[in-house]
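Raw contents of entry30.pdb, PDB, C-alpha atoms:
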```pdb
MODEL        1
ATOM      1  CA  MET A   1       0.848  15.561  -8.675
ATOM      2  CA  ARG A   2       3.619  13.696  -6.869
ATOM      3  CA  GLU A   3       1.062  11.660  -4.938
ATOM      4  CA  ILE A   4      -0.698  10.601  -8.150
ATOM      5  CA  ARG A   5       2.621   9.288  -9.469
ATOM      6  CA  LEU A   6       3.204   7.412  -6.202
ATOM      7  CA  LEU A   7      -0.307   5.997  -6.409
ATOM      8  CA  VAL A   8       0.145   4.822  -9.993
ATOM      9  CA  LEU A   9       3.473   3.187  -9.150
ATOM     10  CA  SER A  10       2.052   1.503  -6.058
ATOM     11  CA  ILE A  11      -0.879   0.115  -8.030
ATOM     12  CA  LEU A  12       1.458  -1.189 -10.734
ATOM     13  CA  PHE A  13       3.653  -2.809  -8.085
ATOM     14  CA  GLY A  14       0.589  -4.229  -6.343
ATOM     15  CA  GLY A  15      -0.703  -5.684  -9.605
ATOM     16  CA  VAL A  16       2.661  -7.271 -10.381
ATOM     17  CA  PHE A  17       2.733  -8.702  -6.850
ATOM     18  CA  ILE A  18      -0.727 -10.222  -7.290
ATOM     19  CA  ARG A  19       0.174 -11.695 -10.680
ATOM     20  CA  LEU A  20       3.579 -13.098  -9.667
ATOM     21  CA  PHE A  21       2.800 -14.427  -6.198
ATOM     22  CA  PRO A  22       2.491 -18.204  -6.384
ATOM     23  CA  VAL A  23      -1.012 -19.395  -5.538
ATOM     24  CA  HIS A  24      -1.531 -22.962  -4.418
ATOM     25  CA  LYS A  25      -5.192 -23.791  -4.040
ATOM     26  CA  GLY A  26      -6.189 -26.583  -1.715
ATOM     27  CA  GLU A  27      -2.743 -26.936  -0.192
ATOM     28  CA  SER A  28      -1.508 -26.172   3.281
ATOM     29  CA  ILE A  29       0.742 -23.328   4.354
ATOM     30  CA  SER A  30       3.663 -25.746   4.590
ATOM     31  CA  ASP A  31       3.302 -26.502   0.858
ATOM     32  CA  LEU A  32       3.478 -22.769   0.147
ATOM     33  CA  ILE A  33       6.651 -22.437   2.226
ATOM     34  CA  VAL A  34       8.250 -25.491   0.592
ATOM     35  CA  GLY A  35       7.355 -24.127  -2.855
ATOM     36  CA  ALA A  36       8.925 -20.761  -1.948
ATOM     37  CA  VAL A  37      12.094 -22.476  -0.746
ATOM     38  CA  LEU A  38      12.455 -24.822  -3.711
ATOM     39  CA  SER A  39      11.669 -22.193  -6.371
ATOM     40  CA  PRO A  40      12.397 -18.833  -4.772
ATOM     41  CA  GLY A  41      12.527 -16.722  -7.964
ATOM     42  CA  GLY A  42       8.862 -15.812  -8.341
ATOM     43  CA  PHE A  43       8.338 -15.580  -4.603
ATOM     44  CA  PHE A  44      11.313 -13.243  -4.164
ATOM     45  CA  VAL A  45      10.325 -10.948  -7.059
ATOM     46  CA  ALA A  46       6.687 -10.841  -5.881
ATOM     47  CA  SER A  47       7.845 -10.023  -2.346
ATOM     48  CA  ALA A  48      10.063  -7.190  -3.601
ATOM     49  CA  PHE A  49       7.152  -5.675  -5.556
ATOM     50  CA  PHE A  50       4.914  -6.114  -2.501
ATOM     51  CA  ILE A  51       7.311  -4.247  -0.205
ATOM     52  CA  ALA A  52       7.899  -1.401  -2.666
ATOM     53  CA  GLY A  53       4.183  -1.135  -3.421
ATOM     54  CA  PHE A  54       2.964  -1.017   0.153
ATOM     55  CA  ILE A  55       5.567   1.593   1.088
ATOM     56  CA  LEU A  56       4.423   3.827  -1.787
ATOM     57  CA  GLN A  57       0.773   3.159  -0.953
ATOM     58  CA  GLY A  58       1.458   4.022   2.690
ATOM     59  CA  LYS A  59       2.951   7.371   1.660
ATOM     60  CA  VAL A  60      -0.190   8.217  -0.291
ATOM     61  CA  ILE A  61      -2.382   7.249   2.669
ATOM     62  CA  LYS A  62      -0.232   9.427   4.920
ATOM     63  CA  VAL A  63      -0.726  12.425   2.604
ATOM     64  CA  GLU A  64      -4.479  11.832   2.525
ATOM     65  CA  ILE A  65      -4.760  11.648   6.312
ATOM     66  CA  GLN A  66      -2.595  14.747   6.781
ATOM     67  CA  ALA A  67      -4.767  16.651   4.300
ATOM     68  CA  LEU A  68      -7.868  15.640   6.255
ATOM     69  CA  ARG A  69      -6.263  16.744   9.508
ATOM     70  CA  ASP A  70      -5.389  20.121   7.968
ATOM     71  CA  ARG A  71      -9.012  20.424   6.823
ATOM     72  CA  LYS A  72      -7.923  20.575   3.191
ATOM     73  CA  PRO A  73      -9.155  17.246   1.824
ATOM     74  CA  ARG A  74      -7.883  16.235  -1.572
ATOM     75  CA  TYR A  75     -10.982  14.651  -3.050
ATOM     76  CA  ILE A  76      -9.504  13.853  -6.454
ATOM     77  CA  LEU A  77      -6.623  11.934  -4.863
ATOM     78  CA  MET A  78      -8.980  10.078  -2.539
ATOM     79  CA  PHE A  79     -11.353   9.152  -5.364
ATOM     80  CA  THR A  80      -8.471   7.985  -7.556
ATOM     81  CA  HIS A  81      -7.141   5.973  -4.642
ATOM     82  CA  LEU A  82     -10.498   4.294  -4.121
ATOM     83  CA  LEU A  83     -10.736   3.436  -7.816
ATOM     84  CA  SER A  84      -7.240   1.968  -7.785
ATOM     85  CA  ILE A  85      -8.097  -0.195  -4.775
ATOM     86  CA  LEU A  86     -11.169  -1.464  -6.600
ATOM     87  CA  ALA A  87      -9.017  -2.218  -9.651
ATOM     88  CA  LEU A  88      -6.614  -4.244  -7.529
ATOM     89  CA  THR A  89      -9.433  -6.233  -5.954
ATOM     90  CA  TRP A  90     -10.646  -7.068  -9.443
ATOM     91  CA  VAL A  91      -7.249  -8.618 -10.237
ATOM     92  CA  GLY A  92      -7.108 -10.679  -7.043
ATOM     93  CA  TRP A  93      -9.172  -9.765  -4.027
ATOM     94  CA  VAL A  94      -7.366 -11.813  -1.347
ATOM     95  CA  HIS A  95      -3.926 -10.509  -2.249
ATOM     96  CA  ALA A  96      -5.311  -6.995  -2.720
ATOM     97  CA  CYS A  97      -6.916  -7.041   0.741
ATOM     98  CA  ILE A  98      -3.600  -8.071   2.301
ATOM     99  CA  PHE A  99      -1.742  -5.440   0.282
ATOM    100  CA  ILE A 100      -4.156  -2.623   1.175
ATOM    101  CA  SER A 101      -4.422  -3.618   4.848
ATOM    102  CA  ILE A 102      -0.675  -3.572   5.386
ATOM    103  CA  SER A 103      -0.429  -0.307   3.428
ATOM    104  CA  CYS A 104      -3.052   1.330   5.655
ATOM    105  CA  VAL A 105      -1.258   0.222   8.803
ATOM    106  CA  TYR A 106       2.056   1.505   7.432
ATOM    107  CA  GLY A 107       0.493   4.816   6.396
ATOM    108  CA  MET A 108      -1.024   5.351   9.845
ATOM    109  CA  ILE A 109       2.173   4.351  11.627
ATOM    110  CA  SER A 110       4.206   6.793   9.551
ATOM    111  CA  LEU A 111       2.032   9.735  10.615
ATOM    112  CA  ASP A 112       3.820  12.048  12.990
ATOM    113  CA  LEU A 113       1.030  13.585  15.025
ATOM    114  CA  LYS A 114       3.082  15.083  17.858
ATOM    115  CA  ARG A 115       6.055  16.438  15.922
ATOM    116  CA  GLU A 116       6.039  19.331  13.559
ATOM    117  CA  GLY A 117       9.134  20.756  11.940
ATOM    118  CA  GLY A 118      11.496  18.520  13.891
ATOM    119  CA  ARG A 119      10.473  19.716  17.356
ATOM    120  CA  HIS A 120       7.930  18.495  19.828
ATOM    121  CA  VAL A 121       4.855  20.654  19.791
ATOM    122  CA  ASP A 122       2.104  20.625  22.398
ATOM    123  CA  HIS A 123      -1.242  21.547  20.901
TER
ENDMDL
END
```
This structure in structure tokens:
Amino acid sequence: MREIRLLVLSILFGGVFIRLFPVHKGESISDLIVGAVLSPGGFFVASAFFIAGFILQGKVIKVEIQALRDRKPRYILMFTHLLSILALTWVGWVHACIFISISCVYGMISLDLKREGGRHVDH
């Protein structure tokens, strides 16, 4: 149940990030940087939601991978996660792809495959 709450929060944060992040079509990356410097409010708030969202999303991914490794897959969580990713791509697919990609990398990095219970374990 905790993971569902984390997933819902991460999707809300991801949606707010997609909606608030300033999009400049047809401009160069330097225009985006100048816009972020001259009006940092929206950029800063969107970045804060992005960071909080991908950390929460990474925790959910970590739980899913650990459940698969323990051979106790949580299909309802995985299906809900897939639906939430599809919902985010409907809002804005470029931002959602960036959000999900970084979340996946963070979730895989946060896995602790060699340690169990605070001690090194050789399997």
- [ ] Return the single residue from A:Phe54, A:Phe44, A:Phe13, A:Phe79 that is closest to Val105 in chain A, with distances computed using all atoms listed in the file.
- [x] A:Phe54
Open item on the list: Residues within 8 Å of range 59-75 of chain A, please, as a list in words. Count all atoms listed in the file; anything in the same chain fewer than 4 positions from it doesn't count.
Closed with: Glu3, Leu6, Leu7, Ile55, Phe79, Ser103, Cys104, Gly107, Met108, Ser110 and Leu111 of chain A
TODO: Might you spell out which residues the PyMOL selection byres ((chain A and resi 16) around 12) would select in the displayed file, as a PyMOL selection string?
DONE: chain A and resi 9-15+17-22+42-43+45-53+88+91-92+95-96+99
What are the centre and the three edge lengths of an axis-aligned box that wraps all atoms of range 15-22 of chain A in the file, given that 5 Å is added to every side, written as JSON and rounded to one decimal in Å?
```
{"center_x": 1.4, "center_y": -11.9, "center_z": -8.4, "size_x": 14.3, "size_y": 22.5, "size_z": 14.5}
```
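Minimum distance to Ala87 in chain A across A:Asp31, A:Ser101, A:Arg2, A:Val8 (counting only C-alpha atoms) occurs at A:Val8.
Atom to atom, CA of Gln57 in chain A and CA of Val94 in chain A stand 17.0 Å apart.
Take CA of Tyr106 in chain A and CA of Gly35 in chain A: the distance between them is 28.1 Å.
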